[in-house]
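Listing of entry.json; format and content: JSON, C-alpha atoms.
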[["chain", "number", "residue", "atom", "x", "y", "z"],
["A", 13, "GLY", "CA", 0.00, 0.00, 0.00],
["A", 14, "LEU", "CA", 2.08, 2.85, 1.34],
["A", 15, "VAL", "CA", 5.31, 1.47, -0.15],
["A", 16, "ARG", "CA", 3.69, 1.37, -3.60],
["A", 17, "VAL", "CA", 2.56, 4.99, -3.26],
["A", 18, "ALA", "CA", 6.07, 6.04, -2.21],
["A", 19, "LEU", "CA", 7.56, 4.11, -5.14],
["A", 20, "SER", "CA", 5.08, 5.75, -7.48],
["A", 21, "LEU", "CA", 6.05, 9.18, -6.19],
["A", 22, "VAL", "CA", 9.73, 8.35, -6.72],
["A", 23, "TYR", "CA", 8.95, 7.29, -10.31],
["A", 24, "TYR", "CA", 7.02, 10.51, -10.89],
["A", 25, "VAL", "CA", 9.73, 12.75, -9.38],
["A", 26, "LEU", "CA", 12.37, 11.03, -11.52],
["A", 27, "SER", "CA", 10.26, 11.43, -14.64],
["A", 28, "ALA", "CA", 9.62, 15.08, -13.81],
["A", 29, "LEU", "CA", 13.34, 15.74, -13.44],
["A", 30, "LEU", "CA", 14.25, 13.72, -16.54],
["A", 31, "GLN", "CA", 11.93, 15.95, -18.59],
["A", 32, "PHE", "CA", 14.43, 18.77, -18.20],
["A", 33, "ILE", "CA", 17.46, 16.83, -19.45],
["A", 34, "PRO", "CA", 16.65, 17.20, -23.20],
["A", 35, "VAL", "CA", 16.46, 20.96, -22.64],
["A", 36, "LEU", "CA", 19.93, 20.94, -21.10],
["A", 37, "ILE", "CA", 21.24, 18.69, -23.88],
["A", 38, "LEU", "CA", 19.87, 21.04, -26.54],
["A", 39, "GLU", "CA", 21.45, 24.01, -24.80],
["A", 40, "ASP", "CA", 24.81, 22.22, -24.79],
["A", 41, "LEU", "CA", 24.49, 21.21, -28.46],
["A", 42, "VAL", "CA", 23.51, 24.74, -29.54],
["A", 43, "LYS", "CA", 26.59, 26.17, -27.78],
["A", 44, "TYR", "CA", 28.72, 23.51, -29.46],
["A", 45, "PHE", "CA", 27.44, 24.28, -32.97],
["A", 46, "GLU", "CA", 27.56, 28.06, -32.44],
["A", 47, "THR", "CA", 31.24, 27.96, -31.50],
["A", 48, "MET", "CA", 32.33, 25.03, -33.69],
["A", 49, "ASN", "CA", 34.31, 27.12, -36.21],
["A", 50, "THR", "CA", 35.68, 29.69, -33.77],
["A", 51, "GLU", "CA", 39.02, 29.92, -31.99],
["A", 52, "ASN", "CA", 37.53, 28.83, -28.68],
["A", 53, "PRO", "CA", 34.98, 26.06, -29.45],
["A", 54, "HIS", "CA", 32.57, 24.89, -26.76],
["A", 55, "THR", "CA", 33.27, 21.37, -25.57],
["A", 56, "THR", "CA", 30.16, 19.34, -24.93],
["A", 57, "ILE", "CA", 29.63, 17.38, -21.73],
["A", 58, "PHE", "CA", 29.54, 14.14, -23.74],
["A", 59, "HIS", "CA", 30.30, 13.45, -27.39],
["A", 60, "PRO", "CA", 27.70, 15.30, -29.52],
["A", 61, "TRP", "CA", 26.37, 12.04, -30.99],
["A", 62, "ILE", "CA", 25.81, 10.63, -27.50],
["A", 63, "GLU", "CA", 23.90, 13.78, -26.63],
["A", 64, "VAL", "CA", 21.80, 13.43, -29.80],
["A", 65, "ALA", "CA", 21.03, 9.82, -28.78],
["A", 66, "GLY", "CA", 20.06, 11.14, -25.36],
["A", 67, "LEU", "CA", 17.45, 13.36, -27.04],
["A", 68, "GLY", "CA", 15.65, 10.15, -27.99],
["A", 69, "ILE", "CA", 16.43, 8.05, -24.92],
["A", 70, "PHE", "CA", 15.43, 10.46, -22.16],
["A", 71, "PRO", "CA", 11.87, 11.12, -23.42],
["A", 72, "VAL", "CA", 11.31, 7.35, -23.71],
["A", 73, "LEU", "CA", 12.63, 6.81, -20.18],
["A", 74, "THR", "CA", 10.47, 9.68, -18.91],
["A", 75, "SER", "CA", 7.41, 8.18, -20.56],
["A", 76, "ILE", "CA", 8.07, 4.73, -19.05],
["A", 77, "LEU", "CA", 8.47, 6.17, -15.53],
["A", 78, "GLN", "CA", 5.36, 8.35, -15.86],
["A", 79, "THR", "CA", 3.29, 5.46, -17.16],
["A", 80, "ARG", "CA", 4.40, 3.21, -14.32],
["A", 81, "SER", "CA", 3.66, 5.92, -11.76],
["A", 82, "GLN", "CA", 0.23, 6.65, -13.23],
["A", 83, "THR", "CA", -0.60, 2.94, -13.29],
["A", 84, "ILE", "CA", 0.20, 2.58, -9.59],
["A", 85, "PHE", "CA", -1.85, 5.68, -8.75],
["A", 86, "GLN", "CA", -4.71, 4.45, -10.93],
["A", 87, "HIS", "CA", -4.76, 1.08, -9.14],
["A", 88, "GLY", "CA", -4.74, 2.85, -5.79],
["A", 89, "ALA", "CA", -7.55, 5.16, -6.88],
["A", 90, "VAL", "CA", -9.72, 2.26, -8.03],
["A", 91, "PHE", "CA", -8.99, 0.46, -4.75],
["A", 92, "VAL", "CA", -10.07, 3.52, -2.73],
["A", 93, "ARG", "CA", -13.26, 3.92, -4.76],
["A", 94, "THR", "CA", -14.11, 0.23, -4.46],
["A", 95, "ALA", "CA", -13.40, 0.15, -0.72],
["A", 96, "ILE", "CA", -15.57, 3.19, -0.01],
["A", 97, "SER", "CA", -18.37, 1.91, -2.24],
["A", 98, "THR", "CA", -18.27, -1.40, -0.36],
["A", 99, "LEU", "CA", -18.40, 0.38, 3.00],
["A", 100, "LEU", "CA", -21.34, 2.51, 1.87],
["A", 101, "TYR", "CA", -23.14, -0.55, 0.53],
["A", 102, "GLU", "CA", -22.61, -2.51, 3.76],
["A", 103, "LYS", "CA", -23.77, 0.46, 5.80],
["A", 104, "SER", "CA", -26.90, 0.88, 3.66],
["A", 105, "LEU", "CA", -27.80, -2.76, 4.34],
["A", 106, "SER", "CA", -27.42, -2.43, 8.11],
["A", 107, "VAL", "CA", -28.90, 1.03, 8.71],
["A", 108, "SER", "CA", -31.83, 1.26, 11.09],
["A", 109, "ALA", "CA", -35.34, 2.29, 10.12],
["A", 110, "THR", "CA", -34.76, 5.73, 11.66],
["A", 111, "GLY", "CA", -31.60, 6.12, 9.60],
["A", 112, "ARG", "CA", -33.39, 5.07, 6.42],
["A", 113, "ALA", "CA", -36.08, 7.66, 7.10],
["A", 114, "ALA", "CA", -33.45, 10.40, 7.55],
["A", 115, "THR", "CA", -31.60, 9.60, 4.31],
["A", 116, "ASN", "CA", -33.25, 9.38, 0.92],
["A", 117, "THR", "CA", -32.17, 7.13, -1.94],
["A", 118, "GLY", "CA", -30.80, 10.04, -3.95],
["A", 119, "GLN", "CA", -28.29, 10.91, -1.25],
["A", 120, "VAL", "CA", -27.04, 7.33, -1.10],
["A", 121, "VAL", "CA", -26.77, 7.09, -4.89],
["A", 122, "ASN", "CA", -24.92, 10.42, -4.93],
["A", 123, "MET", "CA", -22.42, 9.15, -2.36],
["A", 124, "MET", "CA", -21.98, 5.86, -4.22],
["A", 125, "SER", "CA", -21.31, 7.52, -7.59],
["A", 126, "ASN", "CA", -20.23, 11.17, -7.40],
["A", 127, "ASP", "CA", -18.44, 11.24, -4.07],
["A", 128, "THR", "CA", -16.50, 8.04, -4.66],
["A", 129, "THR", "CA", -15.53, 9.30, -8.14],
["A", 130, "GLN", "CA", -14.17, 12.51, -6.61],
["A", 131, "LEU", "CA", -12.08, 10.52, -4.14],
["A", 132, "GLN", "CA", -10.81, 8.36, -6.99],
["A", 133, "ARG", "CA", -9.74, 11.44, -8.94],
["A", 134, "PHE", "CA", -8.07, 12.92, -5.87],
["A", 135, "VAL", "CA", -5.93, 9.82, -5.38],
["A", 136, "GLN", "CA", -5.27, 9.48, -9.10],
["A", 137, "PHE", "CA", -3.93, 13.02, -9.53],
["A", 138, "GLY", "CA", -2.48, 13.52, -6.04],
["A", 139, "GLY", "CA", 1.05, 12.69, -7.15],
["A", 140, "MET", "CA", 1.00, 15.31, -9.86],
["A", 141, "THR", "CA", -0.03, 17.94, -7.35],
["A", 142, "LEU", "CA", 2.83, 17.01, -5.03],
["A", 143, "VAL", "CA", 5.47, 17.12, -7.80],
["A", 144, "ALA", "CA", 4.25, 20.32, -9.52],
["A", 145, "PRO", "CA", 6.09, 22.73, -7.15],
["A", 146, "LEU", "CA", 9.38, 20.94, -7.85],
["A", 147, "GLN", "CA", 8.79, 21.19, -11.60],
["A", 148, "ILE", "CA", 7.97, 24.89, -11.31],
["A", 149, "VAL", "CA", 11.14, 25.62, -9.33],
["A", 150, "VAL", "CA", 13.38, 23.71, -11.76],
["A", 151, "ALA", "CA", 11.71, 25.39, -14.76],
["A", 152, "LEU", "CA", 12.18, 28.84, -13.20],
["A", 153, "VAL", "CA", 15.85, 28.13, -12.51],
["A", 154, "LEU", "CA", 16.40, 27.03, -16.12],
["A", 155, "ILE", "CA", 14.54, 30.07, -17.47],
["A", 156, "TYR", "CA", 16.52, 32.35, -15.16],
["A", 157, "ARG", "CA", 19.76, 30.87, -16.53],
["A", 158, "GLN", "CA", 18.66, 31.80, -20.06],
["A", 159, "VAL", "CA", 17.01, 35.22, -19.66],
["A", 160, "GLY", "CA", 18.15, 36.45, -16.24],
["A", 161, "ASP", "CA", 16.02, 38.94, -14.32],
["A", 162, "ALA", "CA", 13.38, 39.03, -17.07],
["A", 163, "THR", "CA", 12.17, 35.76, -15.53],
["A", 164, "TRP", "CA", 10.72, 37.68, -12.60],
["A", 165, "VAL", "CA", 8.75, 39.96, -14.91],
["A", 166, "GLY", "CA", 7.05, 36.87, -16.34],
["A", 167, "VAL", "CA", 6.42, 35.43, -12.87],
["A", 168, "GLY", "CA", 5.00, 38.77, -11.71],
["A", 169, "PHE", "CA", 2.72, 38.91, -14.75],
["A", 170, "MET", "CA", 1.43, 35.39, -14.03],
["A", 171, "VAL", "CA", 0.78, 36.26, -10.38],
["A", 172, "ALA", "CA", -0.99, 39.47, -11.41],
["A", 173, "LEU", "CA", -3.24, 37.50, -13.78],
["A", 174, "ALA", "CA", -4.13, 34.89, -11.13],
["A", 175, "PRO", "CA", -7.26, 36.79, -9.96],
["A", 176, "VAL", "CA", -8.41, 37.11, -13.57],
["A", 177, "ASN", "CA", -8.04, 33.35, -14.02],
["A", 178, "VAL", "CA", -10.03, 32.74, -10.84],
["A", 179, "VAL", "CA", -12.89, 34.91, -12.14],
["A", 180, "VAL", "CA", -12.81, 33.41, -15.64],
["A", 181, "PHE", "CA", -12.75, 29.80, -14.47],
["A", 182, "SER", "CA", -15.30, 30.25, -11.66],
["A", 183, "VAL", "CA", -18.00, 31.76, -13.89],
["A", 184, "GLY", "CA", -19.01, 28.36, -15.30],
["A", 185, "GLY", "CA", -19.32, 26.58, -11.98]]
Would you mind writing the file's structure down as structure tokens?
Amino acid sequence: GLVRVALSLVYYVLSALLQFIPVLILEDLVKYFETMNTENPHTTIFHPWIEVAGLGIFPVLTSILQTRSQTIFQHGAVFVRTAISTLLYEKSLSVSATGRAATNTGQVVNMMSNDTTQLQRFVQFGGMTLVAPLQIVVALVLIYRQVGDATWVGVGFMVALAPVNVVVFSVGG
């Protein structure tokens, strides 16, 4: 149970970090090709052909890790939904006459379908929510390395637009 969730989180963190490696490889290759015919050529971390191979290998490895992580989370989510549905079903069979009078069939059906589905989604996407801050920090560091202080202008703009997004996305629901 808990060990599988921890393993799934490790898979997802690794896949999230591996997503940034092709960006770093491309940066290294661009520097190499820009300075190839100059007096002071850039030396790549690895041989350029190994880096080119890495551009194909790392996305495949990332995809495998993400798929494995999502599969574990999906199994856990289905288990949670099934367990709660079973508990609700058992409770509905053993509830007293007073309890039956206080709860209508619609409420029970709502709990059995909508509420259990929401819990399933929560478990299914929980890992992504935990890893997102790490991805944001790494992305900001990489952007800062490329454009410097202009990064903070973009971050400030996104923060300033957050209330607009809240209004736009809350109108429908």
(request) Work out how far CA of Gln78 (chain A) is from CA of Leu26 (chain A), in Å to one decimal. (result)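 For CA of Leu26 (chain A) relative to CA of Gln78 (chain A), the distance reads 8.7 Å.
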(message) Show me, as a list in words, the residues that have an atom within 10 Å of Leu67 (chain A) when counting all atoms listed in the file, minus same-chain residues fewer than 6 positions from it.
(response)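 Close residues of Leu67 (chain A): Ile33, Pro34, Val35, Leu36, Ile37, Leu38 and Trp61 of chain A.
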(message) Nearest residue to Met124 (chain A) out of A:Trp164, A:Tyr101, A:Phe181, A:Phe137, using only C-alpha atoms?
(response)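 Using only C-alpha atoms, Met124 (chain A) sits closest to A:Tyr101.
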For region 168-185 of chain A, take all atoms listed in the file, fit an axis-aligned box around them, add 5 Å to each of the six sides, then output centre and edge lengths in Å rounded to one decimal, as AutoDock Vina command-line options.
--center_x -7.2 --center_y 33.0 --center_z -12.8 --size_x 34.3 --size_y 22.9 --size_z 15.7
Determine, counting only C-alpha atoms, which protein, DNA and RNA residues have an atom within 12 Å of an atom of Phe85 (chain A); residues of the same chain fewer than 4 positions away are not included. Present the result as a short mmCIF file (atom, residue, chain, number, x, y, z; two decimals) with C-alpha atoms, in the frame of the given file.
data_model
loop_
_atom_site.label_atom_id
_atom_site.label_comp_id
_atom_site.auth_asym_id
_atom_site.auth_seq_id
_atom_site.Cartn_x
_atom_site.Cartn_y
_atom_site.Cartn_z
CA GLY A 13 0.00 0.00 0.00
CA LEU A 14 2.08 2.85 1.34
CA VAL A 15 5.31 1.47 -0.15
CA ARG A 16 3.69 1.37 -3.60
CA VAL A 17 2.56 4.99 -3.26
CA ALA A 18 6.07 6.04 -2.21
CA LEU A 19 7.56 4.11 -5.14
CA SER A 20 5.08 5.75 -7.48
CA LEU A 21 6.05 9.18 -6.19
CA TYR A 23 8.95 7.29 -10.31
CA TYR A 24 7.02 10.51 -10.89
CA GLN A 78 5.36 8.35 -15.86
CA THR A 79 3.29 5.46 -17.16
CA ARG A 80 4.40 3.21 -14.32
CA SER A 81 3.66 5.92 -11.76
CA ALA A 89 -7.55 5.16 -6.88
CA VAL A 90 -9.72 2.26 -8.03
CA PHE A 91 -8.99 0.46 -4.75
CA VAL A 92 -10.07 3.52 -2.73
CA GLN A 132 -10.81 8.36 -6.99
CA ARG A 133 -9.74 11.44 -8.94
CA PHE A 134 -8.07 12.92 -5.87
CA VAL A 135 -5.93 9.82 -5.38
CA GLN A 136 -5.27 9.48 -9.10
CA PHE A 137 -3.93 13.02 -9.53
CA GLY A 138 -2.48 13.52 -6.04
CA GLY A 139 1.05 12.69 -7.15
CA MET A 140 1.00 15.31 -9.86
#
(message) Could you check the closest approach to Thr94 (chain A) for each of A:Ile69, A:Thr115, A:Thr128, A:Ile76 and tell me which residue wins, using all atoms listed in the file?
(response)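 The closest residue to Thr94 (chain A) is A:Thr128.
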(request) Would you please work out which residue, of A:Val120, A:Gln147, A:His59, A:Phe169, is nearest to Val107 (chain A) when using all atoms listed in the file? (result)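 Once distances to Val107 (chain A) are computed over all atoms listed in the file, the minimum belongs to A:Val120.
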(request) Find, counting only C-alpha atoms, the residue in A:Thr74, A:Ser125, A:Ser27, A:Gln86 that gets nearest to Thr98 (chain A). (result)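 Nearest candidate to Thr98 (chain A) out of A:Thr74, A:Ser125, A:Ser27, A:Gln86: A:Ser125.
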(message) Using Å and a single decimal, report how far CA of Ala95 (chain A) sits from CA of Gln119 (chain A).
(response)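 Interatomic distance, CA of Gln119 (chain A) to CA of Ala95 (chain A): 18.4 Å.
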(request) Enter the distance from CA of Leu77 (chain A) to CA of Leu154 (chain A), in Å, rounded to one decimal. (result)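 Interatomic distance here is 22.3 Å.
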Could N, CA, C and O atoms be built for region 116-132 of chain A and written out as a CSV table (one decimal), keeping the file's coordinate frame?
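And here is the file that came out, part.csv:
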chain,number,residue,atom,x,y,z
A,116,ASN,N,-32.5,9.9,2.1
A,116,ASN,CA,-33.2,9.4,0.9
A,116,ASN,C,-32.3,8.6,0.0
A,116,ASN,O,-31.1,8.7,0.1
A,117,THR,N,-32.9,8.0,-1.0
A,117,THR,CA,-32.2,7.1,-1.9
A,117,THR,C,-31.2,8.0,-2.8
A,117,THR,O,-30.1,7.5,-3.1
A,118,GLY,N,-31.6,9.2,-3.1
A,118,GLY,CA,-30.8,10.0,-4.0
A,118,GLY,C,-29.5,10.4,-3.3
A,118,GLY,O,-28.4,10.4,-3.9
A,119,GLN,N,-29.5,10.6,-2.0
A,119,GLN,CA,-28.3,10.9,-1.2
A,119,GLN,C,-27.3,9.7,-1.3
A,119,GLN,O,-26.1,9.9,-1.4
A,120,VAL,N,-27.9,8.5,-1.1
A,120,VAL,CA,-27.0,7.3,-1.1
A,120,VAL,C,-26.4,7.1,-2.5
A,120,VAL,O,-25.2,6.8,-2.6
A,121,VAL,N,-27.3,7.3,-3.5
A,121,VAL,CA,-26.8,7.1,-4.9
A,121,VAL,C,-25.7,8.1,-5.2
A,121,VAL,O,-24.7,7.8,-5.8
A,122,ASN,N,-25.9,9.4,-4.7
A,122,ASN,CA,-24.9,10.4,-4.9
A,122,ASN,C,-23.6,10.1,-4.3
A,122,ASN,O,-22.5,10.2,-4.9
A,123,MET,N,-23.7,9.6,-3.0
A,123,MET,CA,-22.4,9.2,-2.4
A,123,MET,C,-21.7,8.0,-3.1
A,123,MET,O,-20.5,8.0,-3.2
A,124,MET,N,-22.5,7.0,-3.6
A,124,MET,CA,-22.0,5.9,-4.2
A,124,MET,C,-21.3,6.2,-5.6
A,124,MET,O,-20.4,5.6,-6.0
A,125,SER,N,-21.8,7.2,-6.3
A,125,SER,CA,-21.3,7.5,-7.6
A,125,SER,C,-20.4,8.8,-7.6
A,125,SER,O,-19.2,8.7,-7.8
A,126,ASN,N,-21.0,9.9,-7.3
A,126,ASN,CA,-20.2,11.2,-7.4
A,126,ASN,C,-19.1,11.3,-6.4
A,126,ASN,O,-18.0,11.7,-6.7
A,127,ASP,N,-19.4,11.0,-5.1
A,127,ASP,CA,-18.4,11.2,-4.1
A,127,ASP,C,-17.3,10.3,-4.2
A,127,ASP,O,-16.1,10.6,-4.0
A,128,THR,N,-17.6,9.0,-4.5
A,128,THR,CA,-16.5,8.0,-4.7
A,128,THR,C,-15.7,8.4,-5.9
A,128,THR,O,-14.4,8.2,-5.9
A,129,THR,N,-16.3,8.9,-6.9
A,129,THR,CA,-15.5,9.3,-8.1
A,129,THR,C,-14.6,10.5,-7.8
A,129,THR,O,-13.4,10.5,-8.3
A,130,GLN,N,-15.0,11.4,-7.0
A,130,GLN,CA,-14.2,12.5,-6.6
A,130,GLN,C,-13.0,12.0,-5.8
A,130,GLN,O,-11.9,12.5,-6.0
A,131,LEU,N,-13.2,11.1,-4.9
A,131,LEU,CA,-12.1,10.5,-4.1
A,131,LEU,C,-11.1,9.8,-5.1
A,131,LEU,O,-9.9,9.9,-4.9
A,132,GLN,N,-11.7,9.1,-6.0
A,132,GLN,CA,-10.8,8.4,-7.0
A,132,GLN,C,-9.9,9.3,-7.8
A,132,GLN,O,-8.7,9.1,-7.9
